[in-house]
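Report on one structure; see the data block that follows.
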There are 6 protein chains.
Amino acid sequence: MKRIAVFPGSFDPVTKGHENIVRRSAPLFDELVVAIGVNADKKSYFPLDKRVEWLKIVFADLKNIRIDHYHGLTVDYCLKQNANYILRGLRTSADFEFERSVGQVNKMLYPQIENIFMLTRPEHTPINSSIVRDIHRNGGDISLFVPELVSGLIEAWQ
Amino acid sequence: MKRIAVFPGSFDPVTKGHENIVRRSAPLFDELVVAIGVNADKKSYFPLDKRVEWLKIVFADLKNIRIDHYHGLTVDYCLKQNANYILRGLRTSADFEFERSVGQVNKMLYPQIENIFMLTRPEHTPINSSIVRDIHRNGGDISLFVPELVSGLIEAWQ
Amino acid sequence: MKRIAVFPGSFDPVTKGHENIVRRSAPLFDELVVAIGVNADKKSYFPLDKRVEWLKIVFADLKNIRIDHYHGLTVDYCLKQNANYILRGLRTSADFEFERSVGQVNKMLYPQIENIFMLTRPEHTPINSSIVRDIHRNGGDISLFVPELVSGLIEAWQ
Amino acid sequence: MKRIAVFPGSFDPVTKGHENIVRRSAPLFDELVVAIGVNADKKSYFPLDKRVEWLKIVFADLKNIRIDHYHGLTVDYCLKQNANYILRGLRTSADFEFERSVGQVNKMLYPQIENIFMLTRPEHTPINSSIVRDIHRNGGDISLFVPELVSGLIEAWQ
Amino acid sequence: MKRIAVFPGSFDPVTKGHENIVRRSAPLFDELVVAIGVNADKKSYFPLDKRVEWLKIVFADLKNIRIDHYHGLTVDYCLKQNANYILRGLRTSADFEFERSVGQVNKMLYPQIENIFMLTRPEHTPINSSIVRDIHRNGGDISLFVPELVSGLIEAWQ
Amino acid sequence: MKRIAVFPGSFDPVTKGHENIVRRSAPLFDELVVAIGVNADKKSYFPLDKRVEWLKIVFADLKNIRIDHYHGLTVDYCLKQNANYILRGLRTSADFEFERSVGQVNKMLYPQIENIFMLTRPEHTPINSSIVRDIHRNGGDISLFVPELVSGLIEAWQ
């Protein structure tokens with residue numbers, strides 16, 4: 001059976017932490033779909049097309065990575081992709097508590113889908129998209145926190 | 001002195017976790033009021049009358065349970081009910097930290113009211129109303145997470 | 001059915017936190033057994049007879065409190081006492097994680113026994129027997145941390 | 001080099017916890033700026049001018065305290081004040097996880113600025129501005145939770 | 001490159017939680033080594049040969065599972081096995097904090113080895129070997145907590 | 001009043017995390033005593049004289065740092081040193097919970113002594129002396145985790 005995983009998130013915007021998790025986990029799967037979950041009720045900071053574009057640039061060199069977006073439940077999207085794994089990065093114990101609830105509920109809904117977790121690197125642990133947006137909104141320097149290849153593009157976006 | 005407890009919450013909607021906590025704690029109290037706190041500033045997902053109706057159906061077989069709703073502070077409502085106990089379920093350590101702050105502040109306001117906590121069962125630990133709403137909003141199957149007696153009613157509500 | 005609870009612990013020594021939890025929860029139960037669990041593999045700092053004596057002095061004024069000690073599993077002891085509740089105090093989220101594991105395992109072993117938790121008061125939150133022993137061992141002043149009635153007795157013990 | 005610290009927050013409203021942290025840490029610094037961060041996207045409950053006024057009253061007796069407010073990133077404000085320290089109070093482990101992320105990101109942006117943390121006193125641990133606002137909104141008694149000098153002013157504000 | 005993982009632990013004794021993690025993760029790897037780490041300084045409760053025997057019985061039906069034991073550092077053992085993954089189960093946030101430290105240190109020592117985490121099922125979350133030993137030591141019923149195939153063997157061991 | 005701080009610990013052995021905290025906090029105090037607490041009941045892994053020697057080498061370039069050791073309670077030692085501050089580094093929320101209990105108890109014993117906390121850098125967060133000892137005991141490479149100046153000395157010690 002092919003090992004297909006979905007790495008879901010809002011990637012608003014993609015961070016060095018996201019990039020690192022994807023690069024390190026790519027060899028574990030035959031195919032890895034980096035998928036932006038679109039939440040109709042929650043306005044994103046960066047537009048969807050830009051978030052997709054930046055992900056495509058960041059992971060252009062990886063053969064088994066596909067960029068996509070979806071509406072609705074992550075588990076329903078996984079079924080449509082024939083994905084048997086959901087990949088998530090863990091930074092803090094607050095992350096862990098949240099991921100455990102969502103992951104265990106997903107598992108009850110669709111027992112065939114497994115959640116796989118990887119640790120962020122220590123130096124990426126404090127980075128999250130919400131802090132990056134806050135710095136961007138205030139005109140600060142985000143280049144330390146987002147992938148080098150798209151740092152200028154994200155910074156320039158208004 | 002009669003042992004009267006209030007089990008406050010938004011029950012938006014009632015979950016199997018709520019049901020289980022109420023059934024297990026009912027024998028500890030002479031009277032247990034399951035009370036929906038109405039927050040004027042925060043729109044609920046399910047309407048108040050439905051949430052009340054579902055609670056009434058779920059606990060119809062328990063003699064010492066009463067369903068109610070209230071505006072304002074939970075402790076003020078307890079005073080009006082002559083309740084000396086606030087009952088809360090604990091699932092995660094994030095829950096615990098939140099409940100501790102609220103419980104200790106309530107205790108400073110009205111030292112005569114005690115907070116009593118019970119653990120959810122392991123299989124109910126990941127379930128919370130917010131996840132149930134998310135599944136409902138996306139047309140998923142919520143029957144694993146809400147009390148059997150009202151599962152169809154909640155699912156049908158639009 | 002009578003509401004009988006066991007408050008288990010090593011009480012090595014009893015603290016102001018223990019005292020406060022017992023006094024506040026006593027009205028909730030018809031009978032409350034404060035029971036020292038004797039662990040054959042772990043040497044206590046204060047001898048068992050002293051720990052029993054101090055508990056008896058501290059709670060002498062409470063009619064529905066009994067002091068006892070036991071060997072073996074807490075749940076087995078509860079069965080022998082016809083106790084249907086285990087009472088525990090919660091101070092920190094580390095406490096909570098530990099108590100949740102033990103409590104949920106106990107519940108699987110004997111579903112008829114419920115775990116009931118109460119919050120320590122904020123000013124008792126940092127106090128635990130291990131810190132008190134450390135201060136005692138080094139000749140420090142423990143009177144702020146143990147019940148007034150036995151403070152002198154504990155301090156004098158060598 | 002002068003030791004200048006910024007104690008940032010929304011102080012919506014100032015609590016006994018804030019007051020206590022500032023009084024205890026004031027001797028550590030040559031100058032301590034209590035600074036209200038104004039967030040354009042998030043409406044405060046109490047108006048800025050009142051929050052400034054209350055802080056000025058509470059700390060009027062302390063020579064090395066200055067009250068101010070700022071827009072934008074806290075670290076940028078610190079640079080403008082020549083501040084080399086950011087002071088924060090820690091109450092719970094949820095606080096800690098949040099502060100660690102923000103503090104470590106700030107440190108990456110401006111390595112010359114250090115984050116200094118102090119513990120709240122046990123009896124102030126459950127108090128936070130959000131709970132105080134909730135009590136105020138519902139006409140409850142907030143005098144236990146805010147500095148004595150401004151308790152009446154805050155209570156009277158509508 | 002073959003995906004070889006090590007699932008290290010003391011398995012003192014193996015629990016239903018361990019069994020479940022191994023069965024669910026086995027398809028993700030080409031080979032999975034369940035390896036008992038022998039700590040010279042810490043006496044185990046069950047002897048090594050029994051712990052190995054029980055693991056062999058539990059996983060006899062899985063083709064890509066091998067049972068082994070090792071001395072020294074887990075990462076050194078992984079190198080000798082040509083393993084590029086360390087698999088760990090996560091139950092609580094206390095687990096997570098511990099695993100994060102060990103995992104990130106291992107990653108600094110040998111960047112080529114990745115840590116992969118899976119969630120225990122909710123009903124296995126409270127189970128750990130230490131609680132099982134405590135019940136066994138006191139003659140309690142451990143059959144709910146250890147794999148069915150070896151439950152009798154473990155119970156009979158003295 | 002002179003700002004004198006004690007940075008207590010077992011430094012068994014000193015890590016890069018310890019070194020970093022001391023270097024960053026040194027400017028905040030007029031004098032900073034790095035003090036090894038000797039616990040009569042707990043055997044250390046490295047001998048006291050070596051631990052003192054390594055600390056002296058690591059901080060030889062810092063004018064306001066003194067290396068010392070003490071028996072008994074940390075707060076009693078602080079009084080003898082006329083120290084008004086205890087400095088501690090925070091890595092994880094488990095650290096925080098522990099430090100909060102100890103710090104708040106110390107504060108009750110001697111209100112004049114304040115606890116000051118600093119964050120470790122992200123890359124030092126997973127490092128602690130216990131993991132370093134474990135690697136050393138097994139002949140692994142500890143040079144990534146201890147200060148460069150003493151790395152060879154610690155590695156060579158048997």
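Going through the structure tokens in order, the chains are called A, B, and so on, while each chain numbers its residues from 1 and the ligands are numbered from 1 in the order shown.
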Test item: chain D residues at most 12 Å from chain A, counting only C-alpha atoms, as number ranges by chain
D: 38-41, 71-77, 93-110
Can you list every residue in chain A that DSSP puts in strand (DSSP E), as a count of residues only?
33
I need the residues in chain B that are alpha helix (DSSP H) according to DSSP; give them as number ranges by chain.
B: 16-25, 48-58, 74-80, 93-109, 129-137, 148-156
When you look at region 47-58 of chain A with a cut-off of 12 Å (counting only C-alpha atoms), what residues show up, excluding the ones that are within fewer than 4 positions of it in the same chain? I need them as a count of residues only.
46
